[in-house]
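Enquirer: Got data_30.txt for you, compact mmCIF, N, CA and C atoms:
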# COMPACT_ATOMS: atom_id res chain seq x y z
N GLN W 1 9.70 -11.67 -39.85
CA GLN W 1 8.44 -11.38 -39.20
C GLN W 1 8.12 -12.44 -38.16
N VAL W 2 7.49 -12.01 -37.12
CA VAL W 2 7.06 -12.90 -36.05
C VAL W 2 5.54 -12.88 -35.98
N GLN W 3 4.95 -14.05 -35.98
CA GLN W 3 3.50 -14.15 -35.82
C GLN W 3 3.21 -14.75 -34.44
N LEU W 4 2.22 -14.17 -33.79
CA LEU W 4 1.84 -14.60 -32.45
C LEU W 4 0.36 -14.93 -32.43
N VAL W 5 0.00 -16.07 -31.89
CA VAL W 5 -1.40 -16.49 -31.82
C VAL W 5 -1.71 -16.92 -30.40
N GLU W 6 -2.62 -16.18 -29.76
CA GLU W 6 -3.01 -16.50 -28.39
C GLU W 6 -4.17 -17.49 -28.37
N SER W 7 -4.25 -18.22 -27.29
CA SER W 7 -5.37 -19.11 -27.05
C SER W 7 -5.50 -19.33 -25.55
N GLY W 8 -6.63 -19.89 -25.15
CA GLY W 8 -6.80 -20.24 -23.74
C GLY W 8 -7.72 -19.33 -22.96
N GLY W 9 -8.18 -18.25 -23.58
CA GLY W 9 -9.10 -17.38 -22.87
C GLY W 9 -10.47 -18.01 -22.73
N GLY W 10 -11.33 -17.34 -21.99
CA GLY W 10 -12.69 -17.85 -21.82
C GLY W 10 -13.34 -17.29 -20.58
N TRP W 11 -14.43 -17.93 -20.19
CA TRP W 11 -15.16 -17.56 -18.99
C TRP W 11 -14.68 -18.43 -17.83
N VAL W 12 -14.54 -17.80 -16.67
CA VAL W 12 -14.14 -18.56 -15.49
C VAL W 12 -14.68 -17.85 -14.25
N GLN W 13 -15.01 -18.61 -13.26
CA GLN W 13 -15.50 -18.03 -12.00
C GLN W 13 -14.35 -17.44 -11.21
N ALA W 14 -14.65 -16.42 -10.48
CA ALA W 14 -13.64 -15.81 -9.62
C ALA W 14 -13.07 -16.88 -8.69
N GLY W 15 -11.77 -16.85 -8.54
CA GLY W 15 -11.07 -17.85 -7.75
C GLY W 15 -10.51 -18.99 -8.57
N GLY W 16 -10.95 -19.06 -9.81
CA GLY W 16 -10.50 -20.13 -10.69
C GLY W 16 -9.18 -19.83 -11.36
N SER W 17 -8.82 -20.70 -12.31
CA SER W 17 -7.54 -20.59 -13.00
C SER W 17 -7.73 -20.71 -14.51
N LEU W 18 -6.81 -20.11 -15.23
CA LEU W 18 -6.73 -20.25 -16.68
C LEU W 18 -5.26 -20.23 -17.06
N ARG W 19 -4.96 -20.88 -18.17
CA ARG W 19 -3.62 -20.77 -18.72
C ARG W 19 -3.73 -20.27 -20.15
N LEU W 20 -3.14 -19.12 -20.39
CA LEU W 20 -3.09 -18.56 -21.73
C LEU W 20 -1.83 -19.05 -22.43
N SER W 21 -1.96 -19.28 -23.73
CA SER W 21 -0.83 -19.68 -24.54
C SER W 21 -0.64 -18.69 -25.68
N CYS W 22 0.60 -18.53 -26.08
CA CYS W 22 0.92 -17.67 -27.21
C CYS W 22 1.92 -18.42 -28.08
N ALA W 23 1.44 -18.95 -29.18
CA ALA W 23 2.30 -19.70 -30.09
C ALA W 23 2.99 -18.74 -31.04
N ALA W 24 4.30 -18.85 -31.12
CA ALA W 24 5.09 -17.96 -31.95
C ALA W 24 5.61 -18.71 -33.19
N SER W 25 5.72 -17.98 -34.27
CA SER W 25 6.35 -18.51 -35.48
C SER W 25 7.16 -17.39 -36.11
N GLY W 26 8.16 -17.79 -36.86
CA GLY W 26 9.02 -16.81 -37.50
C GLY W 26 10.32 -16.58 -36.76
N ARG W 27 10.32 -16.86 -35.47
CA ARG W 27 11.52 -16.73 -34.65
C ARG W 27 11.31 -17.52 -33.39
N THR W 28 12.38 -18.09 -32.86
CA THR W 28 12.23 -18.86 -31.64
C THR W 28 12.04 -17.94 -30.44
N VAL W 29 11.22 -18.37 -29.51
CA VAL W 29 10.90 -17.54 -28.35
C VAL W 29 12.13 -17.26 -27.50
N SER W 30 13.12 -18.13 -27.58
CA SER W 30 14.33 -17.92 -26.80
C SER W 30 15.14 -16.72 -27.29
N MET W 31 14.77 -16.21 -28.45
CA MET W 31 15.46 -15.04 -29.00
C MET W 31 14.62 -13.78 -28.85
N LEU W 32 13.51 -13.88 -28.12
CA LEU W 32 12.58 -12.77 -28.02
C LEU W 32 12.33 -12.38 -26.57
N ARG W 33 12.20 -11.11 -26.34
CA ARG W 33 11.58 -10.62 -25.10
C ARG W 33 10.09 -10.66 -25.34
N MET W 34 9.37 -11.22 -24.40
CA MET W 34 7.95 -11.39 -24.60
C MET W 34 7.17 -10.94 -23.39
N GLY W 35 5.95 -10.51 -23.65
CA GLY W 35 5.14 -10.02 -22.55
C GLY W 35 3.67 -10.29 -22.78
N TRP W 36 2.93 -10.23 -21.71
CA TRP W 36 1.47 -10.31 -21.74
C TRP W 36 0.91 -8.96 -21.31
N PHE W 37 0.06 -8.41 -22.14
CA PHE W 37 -0.64 -7.17 -21.82
C PHE W 37 -2.13 -7.49 -21.67
N ARG W 38 -2.82 -6.61 -21.00
CA ARG W 38 -4.28 -6.72 -20.94
C ARG W 38 -4.90 -5.33 -21.04
N GLN W 39 -6.11 -5.33 -21.56
CA GLN W 39 -6.85 -4.08 -21.65
C GLN W 39 -8.30 -4.34 -21.34
N ALA W 40 -8.76 -3.69 -20.31
CA ALA W 40 -10.16 -3.77 -19.90
C ALA W 40 -10.91 -2.60 -20.52
N PRO W 41 -12.22 -2.72 -20.67
CA PRO W 41 -13.00 -1.63 -21.26
C PRO W 41 -12.80 -0.33 -20.51
N GLY W 42 -12.49 0.72 -21.26
CA GLY W 42 -12.32 2.03 -20.66
C GLY W 42 -11.00 2.25 -19.95
N LYS W 43 -10.11 1.27 -20.03
CA LYS W 43 -8.81 1.39 -19.36
C LYS W 43 -7.68 1.30 -20.36
N GLU W 44 -6.52 1.79 -19.95
CA GLU W 44 -5.36 1.71 -20.81
C GLU W 44 -4.79 0.29 -20.83
N ARG W 45 -4.08 -0.01 -21.89
CA ARG W 45 -3.40 -1.29 -21.97
C ARG W 45 -2.34 -1.36 -20.88
N GLU W 46 -2.26 -2.49 -20.24
CA GLU W 46 -1.38 -2.64 -19.07
C GLU W 46 -0.47 -3.85 -19.27
N LEU W 47 0.81 -3.67 -18.98
CA LEU W 47 1.73 -4.80 -18.99
C LEU W 47 1.48 -5.64 -17.75
N VAL W 48 1.17 -6.89 -17.95
CA VAL W 48 0.86 -7.79 -16.85
C VAL W 48 2.10 -8.56 -16.41
N ALA W 49 2.81 -9.10 -17.39
CA ALA W 49 4.01 -9.90 -17.09
C ALA W 49 4.90 -9.90 -18.32
N ALA W 50 6.18 -10.05 -18.08
CA ALA W 50 7.13 -10.08 -19.19
C ALA W 50 8.31 -10.96 -18.83
N ILE W 51 8.99 -11.43 -19.87
CA ILE W 51 10.16 -12.27 -19.66
C ILE W 51 11.23 -11.83 -20.65
N SER W 52 12.45 -11.77 -20.17
CA SER W 52 13.55 -11.32 -21.01
C SER W 52 13.94 -12.38 -22.03
N ARG W 53 14.76 -12.00 -22.94
CA ARG W 53 15.20 -12.93 -23.98
C ARG W 53 15.87 -14.16 -23.38
N SER W 54 16.71 -13.93 -22.40
CA SER W 54 17.41 -15.06 -21.78
C SER W 54 16.51 -15.89 -20.89
N GLY W 55 15.38 -15.32 -20.51
CA GLY W 55 14.50 -16.00 -19.57
C GLY W 55 14.90 -15.77 -18.12
N THR W 56 15.99 -15.06 -17.91
CA THR W 56 16.50 -14.85 -16.55
C THR W 56 15.65 -13.87 -15.77
N ASN W 57 15.19 -12.84 -16.44
CA ASN W 57 14.45 -11.76 -15.77
C ASN W 57 12.97 -11.81 -16.13
N THR W 58 12.16 -11.59 -15.12
CA THR W 58 10.72 -11.49 -15.34
C THR W 58 10.18 -10.25 -14.64
N TYR W 59 9.02 -9.85 -15.08
CA TYR W 59 8.33 -8.70 -14.49
C TYR W 59 6.87 -9.07 -14.29
N TYR W 60 6.30 -8.62 -13.18
CA TYR W 60 4.87 -8.77 -12.92
C TYR W 60 4.35 -7.44 -12.36
N VAL W 61 3.21 -7.03 -12.85
CA VAL W 61 2.55 -5.87 -12.26
C VAL W 61 2.11 -6.28 -10.85
N ASP W 62 2.10 -5.32 -9.96
CA ASP W 62 1.83 -5.63 -8.54
C ASP W 62 0.52 -6.39 -8.34
N SER W 63 -0.48 -6.06 -9.11
CA SER W 63 -1.80 -6.65 -8.89
C SER W 63 -1.87 -8.15 -9.18
N VAL W 64 -0.86 -8.69 -9.87
CA VAL W 64 -0.91 -10.12 -10.20
C VAL W 64 0.21 -10.91 -9.54
N LYS W 65 1.09 -10.25 -8.83
CA LYS W 65 2.20 -10.95 -8.17
C LYS W 65 1.68 -12.01 -7.22
N GLY W 66 2.26 -13.19 -7.32
CA GLY W 66 1.84 -14.31 -6.50
C GLY W 66 0.68 -15.08 -7.06
N ARG W 67 0.04 -14.57 -8.11
CA ARG W 67 -1.10 -15.25 -8.71
C ARG W 67 -0.82 -15.69 -10.14
N PHE W 68 -0.07 -14.91 -10.89
CA PHE W 68 0.22 -15.20 -12.29
C PHE W 68 1.68 -15.62 -12.44
N THR W 69 1.93 -16.49 -13.41
CA THR W 69 3.28 -16.91 -13.71
C THR W 69 3.48 -16.93 -15.22
N ILE W 70 4.51 -16.24 -15.67
CA ILE W 70 4.86 -16.24 -17.07
C ILE W 70 5.96 -17.28 -17.29
N SER W 71 5.84 -18.01 -18.39
CA SER W 71 6.85 -19.02 -18.70
C SER W 71 6.85 -19.25 -20.20
N ARG W 72 7.84 -19.97 -20.65
CA ARG W 72 7.89 -20.29 -22.07
C ARG W 72 8.46 -21.68 -22.26
N ASP W 73 8.05 -22.30 -23.35
CA ASP W 73 8.55 -23.62 -23.73
C ASP W 73 9.28 -23.43 -25.06
N ASN W 74 10.59 -23.51 -25.00
CA ASN W 74 11.38 -23.26 -26.21
C ASN W 74 11.15 -24.33 -27.27
N PHE W 75 10.86 -25.55 -26.85
CA PHE W 75 10.63 -26.62 -27.82
C PHE W 75 9.30 -26.44 -28.54
N LYS W 76 8.30 -25.99 -27.81
CA LYS W 76 7.00 -25.75 -28.43
C LYS W 76 6.90 -24.34 -29.00
N ASN W 77 7.94 -23.55 -28.74
CA ASN W 77 7.97 -22.16 -29.22
C ASN W 77 6.73 -21.39 -28.77
N THR W 78 6.42 -21.54 -27.50
CA THR W 78 5.18 -21.01 -26.96
C THR W 78 5.43 -20.30 -25.63
N LEU W 79 4.74 -19.18 -25.46
CA LEU W 79 4.75 -18.41 -24.21
C LEU W 79 3.46 -18.72 -23.47
N TYR W 80 3.54 -18.78 -22.14
CA TYR W 80 2.37 -19.08 -21.33
C TYR W 80 2.17 -18.01 -20.27
N LEU W 81 0.92 -17.91 -19.84
CA LEU W 81 0.60 -17.12 -18.65
C LEU W 81 -0.36 -17.96 -17.82
N GLN W 82 0.15 -18.49 -16.74
CA GLN W 82 -0.69 -19.25 -15.81
C GLN W 82 -1.32 -18.26 -14.85
N MET W 83 -2.63 -18.26 -14.79
CA MET W 83 -3.36 -17.30 -13.98
C MET W 83 -4.16 -18.08 -12.93
N ASN W 84 -3.83 -17.87 -11.68
CA ASN W 84 -4.53 -18.53 -10.57
C ASN W 84 -5.22 -17.49 -9.71
N SER W 85 -6.14 -17.96 -8.90
CA SER W 85 -6.86 -17.07 -7.97
C SER W 85 -7.39 -15.85 -8.69
N LEU W 86 -8.04 -16.10 -9.80
CA LEU W 86 -8.50 -14.99 -10.64
C LEU W 86 -9.55 -14.16 -9.92
N LYS W 87 -9.51 -12.87 -10.21
CA LYS W 87 -10.43 -11.91 -9.61
C LYS W 87 -11.27 -11.25 -10.71
N LEU W 88 -12.37 -10.68 -10.29
CA LEU W 88 -13.23 -10.02 -11.26
C LEU W 88 -12.48 -8.95 -12.05
N GLU W 89 -11.57 -8.28 -11.37
CA GLU W 89 -10.83 -7.20 -12.04
C GLU W 89 -9.79 -7.69 -13.03
N ASP W 90 -9.63 -9.00 -13.14
CA ASP W 90 -8.74 -9.55 -14.16
C ASP W 90 -9.42 -9.67 -15.52
N THR W 91 -10.70 -9.37 -15.56
CA THR W 91 -11.42 -9.40 -16.84
C THR W 91 -10.81 -8.40 -17.80
N ALA W 92 -10.43 -8.88 -18.99
CA ALA W 92 -9.79 -8.03 -19.99
C ALA W 92 -9.50 -8.85 -21.24
N VAL W 93 -9.10 -8.15 -22.27
CA VAL W 93 -8.51 -8.82 -23.43
C VAL W 93 -7.02 -8.91 -23.18
N TYR W 94 -6.51 -10.12 -23.24
CA TYR W 94 -5.10 -10.37 -23.00
C TYR W 94 -4.39 -10.59 -24.34
N SER W 95 -3.28 -9.90 -24.51
CA SER W 95 -2.51 -10.00 -25.74
C SER W 95 -1.06 -10.31 -25.42
N CYS W 96 -0.45 -11.13 -26.24
CA CYS W 96 0.98 -11.34 -26.08
C CYS W 96 1.72 -10.47 -27.08
N ALA W 97 2.92 -10.12 -26.73
CA ALA W 97 3.75 -9.24 -27.54
C ALA W 97 5.19 -9.72 -27.49
N ALA W 98 5.93 -9.39 -28.52
CA ALA W 98 7.32 -9.83 -28.59
C ALA W 98 8.18 -8.78 -29.28
N ASP W 99 9.44 -8.81 -28.91
CA ASP W 99 10.40 -7.92 -29.56
C ASP W 99 11.77 -8.58 -29.51
N ALA W 100 12.58 -8.25 -30.50
CA ALA W 100 13.90 -8.89 -30.59
C ALA W 100 14.91 -8.31 -29.61
N TRP W 101 14.54 -7.21 -28.96
CA TRP W 101 15.50 -6.52 -28.09
C TRP W 101 15.02 -6.45 -26.66
N ASP W 102 15.93 -6.63 -25.73
CA ASP W 102 15.63 -6.40 -24.33
C ASP W 102 15.61 -4.90 -24.06
N VAL W 103 14.96 -4.54 -22.96
CA VAL W 103 14.92 -3.12 -22.57
C VAL W 103 15.59 -2.89 -21.23
N GLY W 104 16.30 -3.89 -20.75
CA GLY W 104 16.97 -3.74 -19.47
C GLY W 104 16.49 -4.80 -18.50
N PRO W 105 17.15 -4.93 -17.39
CA PRO W 105 16.84 -6.02 -16.44
C PRO W 105 15.45 -5.95 -15.84
N ALA W 106 14.84 -4.78 -15.84
CA ALA W 106 13.51 -4.66 -15.25
C ALA W 106 12.43 -5.29 -16.11
N VAL W 107 12.69 -5.42 -17.39
CA VAL W 107 11.77 -6.07 -18.34
C VAL W 107 10.38 -5.44 -18.30
N ASN W 108 10.31 -4.17 -17.97
CA ASN W 108 9.00 -3.54 -17.81
C ASN W 108 8.71 -2.53 -18.92
N GLY W 109 9.21 -2.81 -20.10
CA GLY W 109 8.93 -1.92 -21.20
C GLY W 109 7.45 -1.89 -21.55
N GLY W 110 6.97 -0.72 -21.94
CA GLY W 110 5.57 -0.55 -22.28
C GLY W 110 5.25 -1.03 -23.67
N PRO W 111 3.99 -0.83 -24.09
CA PRO W 111 3.57 -1.34 -25.40
C PRO W 111 4.45 -0.86 -26.56
N GLN W 112 4.95 0.35 -26.44
CA GLN W 112 5.73 0.92 -27.55
C GLN W 112 7.06 0.22 -27.73
N SER W 113 7.47 -0.59 -26.75
CA SER W 113 8.75 -1.29 -26.86
C SER W 113 8.62 -2.66 -27.50
N TYR W 114 7.41 -3.02 -27.91
CA TYR W 114 7.17 -4.31 -28.55
C TYR W 114 6.76 -4.11 -30.01
N ARG W 115 7.40 -4.88 -30.86
CA ARG W 115 7.12 -4.75 -32.29
C ARG W 115 6.01 -5.68 -32.77
N TYR W 116 5.93 -6.86 -32.19
CA TYR W 116 5.01 -7.88 -32.68
C TYR W 116 3.90 -8.14 -31.67
N TRP W 117 2.70 -8.31 -32.18
CA TRP W 117 1.53 -8.47 -31.32
C TRP W 117 0.62 -9.58 -31.83
N GLY W 118 0.01 -10.27 -30.89
CA GLY W 118 -1.04 -11.21 -31.22
C GLY W 118 -2.37 -10.50 -31.31
N GLN W 119 -3.41 -11.27 -31.62
CA GLN W 119 -4.73 -10.66 -31.83
C GLN W 119 -5.51 -10.49 -30.53
N GLY W 120 -5.07 -11.16 -29.49
CA GLY W 120 -5.73 -11.03 -28.20
C GLY W 120 -6.73 -12.15 -27.95
N THR W 121 -6.94 -12.42 -26.67
CA THR W 121 -7.93 -13.42 -26.25
C THR W 121 -8.68 -12.88 -25.05
N GLN W 122 -9.98 -13.05 -25.04
CA GLN W 122 -10.81 -12.48 -23.98
C GLN W 122 -10.81 -13.38 -22.76
N VAL W 123 -10.61 -12.77 -21.61
CA VAL W 123 -10.75 -13.46 -20.33
C VAL W 123 -11.85 -12.75 -19.56
N THR W 124 -12.87 -13.49 -19.19
CA THR W 124 -14.01 -12.91 -18.49
C THR W 124 -14.23 -13.65 -17.19
N LEU W 125 -14.27 -12.90 -16.10
CA LEU W 125 -14.51 -13.47 -14.79
C LEU W 125 -15.95 -13.22 -14.37
N SER W 126 -16.53 -14.22 -13.74
CA SER W 126 -17.87 -14.08 -13.20
C SER W 126 -17.85 -14.41 -11.72
N SER W 127 -18.75 -13.78 -10.99
CA SER W 127 -18.80 -14.00 -9.53
C SER W 127 -19.60 -15.23 -9.17
Translate the structure of the given file into structure tokens.
Expert:
Amino acid sequence: QVQLVESGGGWVQAGGSLRLSCAASGRTVSMLRMGWFRQAPGKERELVAAISRSGTNTYYVDSVKGRFTISRDNFKNTLYLQMNSLKLEDTAVYSCAADAWDVGPAVNGGPQSYRYWGQGTQVTLSS
């Protein structure tokens, strides 16, 4: 079993930055495909960014390209999402997810392709 615990959410003004963390236990992150999803009220869950097991391939949804960066620290067994130039529309609950299998070089598998989930952390933007 893999346990995932997110942290780092909070309130931030538009234009600001946040770094989300997802601490993993039960398996090393280097053996997992991992992703960050978000869900805003009234909207479907959306894959924001993902990283393959090898770390070679990453995916970003168009709306965050150039602003968000997904990374992981194998020694700390932690996944990160650095979010810069935040916009009001980035307000959502952000969740990390992991799975033992890759889904191909695009790394854009949807929620159904992830077995393990964290509890989520709220990110709220204010103007």
Enquirer: Could you tell me how far atom C of Tyr60 of chain W sits from atom C of Gly10 of chain W, in Å to one decimal place?
Expert: 21.9 Å
Enquirer: Tell me which protein, DNA and RNA residues are within 6 Å of Met83 of chain W, counting only C-alpha atoms, leaving out same-chain ones fewer than 5 positions away, and put them as an NGL selection string.
Expert: :W and (17-19 or 68)
Enquirer: Within 6.5 Å of Ile51 of chain W, counting all atoms listed in the file, which residues qualify if same-chain residues fewer than 2 places away don't, as a count of residues only?
Expert: 14
Enquirer: Tell me which of W:Leu79, W:Cys96, W:Ile70, W:Leu47 sits closest to Gly110 of chain W, counting all atoms listed in the file.
Expert: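 Checking each candidate against Gly110 of chain W, we get W:Leu47 as the closest.
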Enquirer: Which residue gives the smallest distance to Gly16 of chain W among W:Lys65, W:Asn84, W:Asp99, W:Arg38, with only N, CA and C atoms counted?
Expert: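 Smallest distance to Gly16 of chain W is found for W:Asn84.
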Enquirer: Could you check which of W:Ser127, W:Gly118, W:Ala50, W:Gly9 is closest to Val103 of chain W, using only C-alpha atoms?
Expert: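 Counting only C-alpha atoms, the residue closest to Val103 of chain W is W:Ala50.
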Enquirer: Pick out the residues sitting within 8 Å of Asp90 of chain W, and hand them over as a list in words; count only N, CA and C atoms, and ignore anything fewer than 5 positions along from it in its own chain.
Expert: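 Result of the neighbour search: Gln39, Ala40, Val123, Thr124 and Leu125 of chain W.
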Enquirer: Run DSSP on the backbone of this structure and report the residues of segment 9-97 of chain W it assigns to strand (DSSP E or B), as a VMD selection string.
Expert: chain W and resid 10 to 13 18 to 25 33 to 39 46 to 51 58 to 60 68 to 73 78 to 83 92 to 97
Enquirer: How would the residues just picked look written out with N, CA and C atoms as a short mmCIF file (atom, residue, chain, number, x, y, z; two decimals), keeping the file's coordinate frame?
Expert:
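What ended up in result.cif:
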data_model
loop_
_atom_site.label_atom_id
_atom_site.label_comp_id
_atom_site.auth_asym_id
_atom_site.auth_seq_id
_atom_site.Cartn_x
_atom_site.Cartn_y
_atom_site.Cartn_z
N GLY W 10 -11.33 -17.34 -21.99
CA GLY W 10 -12.69 -17.85 -21.82
C GLY W 10 -13.34 -17.29 -20.58
N TRP W 11 -14.43 -17.93 -20.19
CA TRP W 11 -15.16 -17.56 -18.99
C TRP W 11 -14.68 -18.43 -17.83
N VAL W 12 -14.54 -17.80 -16.67
CA VAL W 12 -14.14 -18.56 -15.49
C VAL W 12 -14.68 -17.85 -14.25
N GLN W 13 -15.01 -18.61 -13.26
CA GLN W 13 -15.50 -18.03 -12.00
C GLN W 13 -14.35 -17.44 -11.21
N LEU W 18 -6.81 -20.11 -15.23
CA LEU W 18 -6.73 -20.25 -16.68
C LEU W 18 -5.26 -20.23 -17.06
N ARG W 19 -4.96 -20.88 -18.17
CA ARG W 19 -3.62 -20.77 -18.72
C ARG W 19 -3.73 -20.27 -20.15
N LEU W 20 -3.14 -19.12 -20.39
CA LEU W 20 -3.09 -18.56 -21.73
C LEU W 20 -1.83 -19.05 -22.43
N SER W 21 -1.96 -19.28 -23.73
CA SER W 21 -0.83 -19.68 -24.54
C SER W 21 -0.64 -18.69 -25.68
N CYS W 22 0.60 -18.53 -26.08
CA CYS W 22 0.92 -17.67 -27.21
C CYS W 22 1.92 -18.42 -28.08
N ALA W 23 1.44 -18.95 -29.18
CA ALA W 23 2.30 -19.70 -30.09
C ALA W 23 2.99 -18.74 -31.04
N ALA W 24 4.30 -18.85 -31.12
CA ALA W 24 5.09 -17.96 -31.95
C ALA W 24 5.61 -18.71 -33.19
N SER W 25 5.72 -17.98 -34.27
CA SER W 25 6.35 -18.51 -35.48
C SER W 25 7.16 -17.39 -36.11
N ARG W 33 12.20 -11.11 -26.34
CA ARG W 33 11.58 -10.62 -25.10
C ARG W 33 10.09 -10.66 -25.34
N MET W 34 9.37 -11.22 -24.40
CA MET W 34 7.95 -11.39 -24.60
C MET W 34 7.17 -10.94 -23.39
N GLY W 35 5.95 -10.51 -23.65
CA GLY W 35 5.14 -10.02 -22.55
C GLY W 35 3.67 -10.29 -22.78
N TRP W 36 2.93 -10.23 -21.71
CA TRP W 36 1.47 -10.31 -21.74
C TRP W 36 0.91 -8.96 -21.31
N PHE W 37 0.06 -8.41 -22.14
CA PHE W 37 -0.64 -7.17 -21.82
C PHE W 37 -2.13 -7.49 -21.67
N ARG W 38 -2.82 -6.61 -21.00
CA ARG W 38 -4.28 -6.72 -20.94
C ARG W 38 -4.90 -5.33 -21.04
N GLN W 39 -6.11 -5.33 -21.56
CA GLN W 39 -6.85 -4.08 -21.65
C GLN W 39 -8.30 -4.34 -21.34
N GLU W 46 -2.26 -2.49 -20.24
CA GLU W 46 -1.38 -2.64 -19.07
C GLU W 46 -0.47 -3.85 -19.27
N LEU W 47 0.81 -3.67 -18.98
CA LEU W 47 1.73 -4.80 -18.99
C LEU W 47 1.48 -5.64 -17.75
N VAL W 48 1.17 -6.89 -17.95
CA VAL W 48 0.86 -7.79 -16.85
C VAL W 48 2.10 -8.56 -16.41
N ALA W 49 2.81 -9.10 -17.39
CA ALA W 49 4.01 -9.90 -17.09
C ALA W 49 4.90 -9.90 -18.32
N ALA W 50 6.18 -10.05 -18.08
CA ALA W 50 7.13 -10.08 -19.19
C ALA W 50 8.31 -10.96 -18.83
N ILE W 51 8.99 -11.43 -19.87
CA ILE W 51 10.16 -12.27 -19.66
C ILE W 51 11.23 -11.83 -20.65
N THR W 58 12.16 -11.59 -15.12
CA THR W 58 10.72 -11.49 -15.34
C THR W 58 10.18 -10.25 -14.64
N TYR W 59 9.02 -9.85 -15.08
CA TYR W 59 8.33 -8.70 -14.49
C TYR W 59 6.87 -9.07 -14.29
N TYR W 60 6.30 -8.62 -13.18
CA TYR W 60 4.87 -8.77 -12.92
C TYR W 60 4.35 -7.44 -12.36
N PHE W 68 -0.07 -14.91 -10.89
CA PHE W 68 0.22 -15.20 -12.29
C PHE W 68 1.68 -15.62 -12.44
N THR W 69 1.93 -16.49 -13.41
CA THR W 69 3.28 -16.91 -13.71
C THR W 69 3.48 -16.93 -15.22
N ILE W 70 4.51 -16.24 -15.67
CA ILE W 70 4.86 -16.24 -17.07
C ILE W 70 5.96 -17.28 -17.29
N SER W 71 5.84 -18.01 -18.39
CA SER W 71 6.85 -19.02 -18.70
C SER W 71 6.85 -19.25 -20.20
N ARG W 72 7.84 -19.97 -20.65
CA ARG W 72 7.89 -20.29 -22.07
C ARG W 72 8.46 -21.68 -22.26
N ASP W 73 8.05 -22.30 -23.35
CA ASP W 73 8.55 -23.62 -23.73
C ASP W 73 9.28 -23.43 -25.06
N THR W 78 6.42 -21.54 -27.50
CA THR W 78 5.18 -21.01 -26.96
C THR W 78 5.43 -20.30 -25.63
N LEU W 79 4.74 -19.18 -25.46
CA LEU W 79 4.75 -18.41 -24.21
C LEU W 79 3.46 -18.72 -23.47
N TYR W 80 3.54 -18.78 -22.14
CA TYR W 80 2.37 -19.08 -21.33
C TYR W 80 2.17 -18.01 -20.27
N LEU W 81 0.92 -17.91 -19.84
CA LEU W 81 0.60 -17.12 -18.65
C LEU W 81 -0.36 -17.96 -17.82
N GLN W 82 0.15 -18.49 -16.74
CA GLN W 82 -0.69 -19.25 -15.81
C GLN W 82 -1.32 -18.26 -14.85
N MET W 83 -2.63 -18.26 -14.79
CA MET W 83 -3.36 -17.30 -13.98
C MET W 83 -4.16 -18.08 -12.93
N ALA W 92 -10.43 -8.88 -18.99
CA ALA W 92 -9.79 -8.03 -19.99
C ALA W 92 -9.50 -8.85 -21.24
N VAL W 93 -9.10 -8.15 -22.27
CA VAL W 93 -8.51 -8.82 -23.43
C VAL W 93 -7.02 -8.91 -23.18
N TYR W 94 -6.51 -10.12 -23.24
CA TYR W 94 -5.10 -10.37 -23.00
C TYR W 94 -4.39 -10.59 -24.34
N SER W 95 -3.28 -9.90 -24.51
CA SER W 95 -2.51 -10.00 -25.74
C SER W 95 -1.06 -10.31 -25.42
N CYS W 96 -0.45 -11.13 -26.24
CA CYS W 96 0.98 -11.34 -26.08
C CYS W 96 1.72 -10.47 -27.08
N ALA W 97 2.92 -10.12 -26.73
CA ALA W 97 3.75 -9.24 -27.54
C ALA W 97 5.19 -9.72 -27.49
#
Enquirer: Hey, which of W:Val5, W:Ala24, W:Trp117, W:Leu86 ends up closest to Arg67 of chain W? Count only C-alpha atoms.
Expert: W:Leu86
Enquirer: Counting all atoms listed in the file, find residues at most 6 Å from (-11.4, -12.9, -11.1) (file frame) and give them as a VMD selection string.
Expert: chain W and resid 13 to 15 85 to 91 125 to 126
Enquirer: With only C-alpha atoms as the basis for distance, which of W:Ser21, W:Asn108, W:Ser7, W:Ser95 is at the shortest distance from Ser52 of chain W?
Expert: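 Distance minimum relative to Ser52 of chain W lands on W:Asn108.
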Enquirer: Hey, which of W:Ser63, W:Gln1, W:Asn74, W:Ser113 ends up closest to Cys22 of chain W? Count only C-alpha atoms.
Expert: W:Asn74
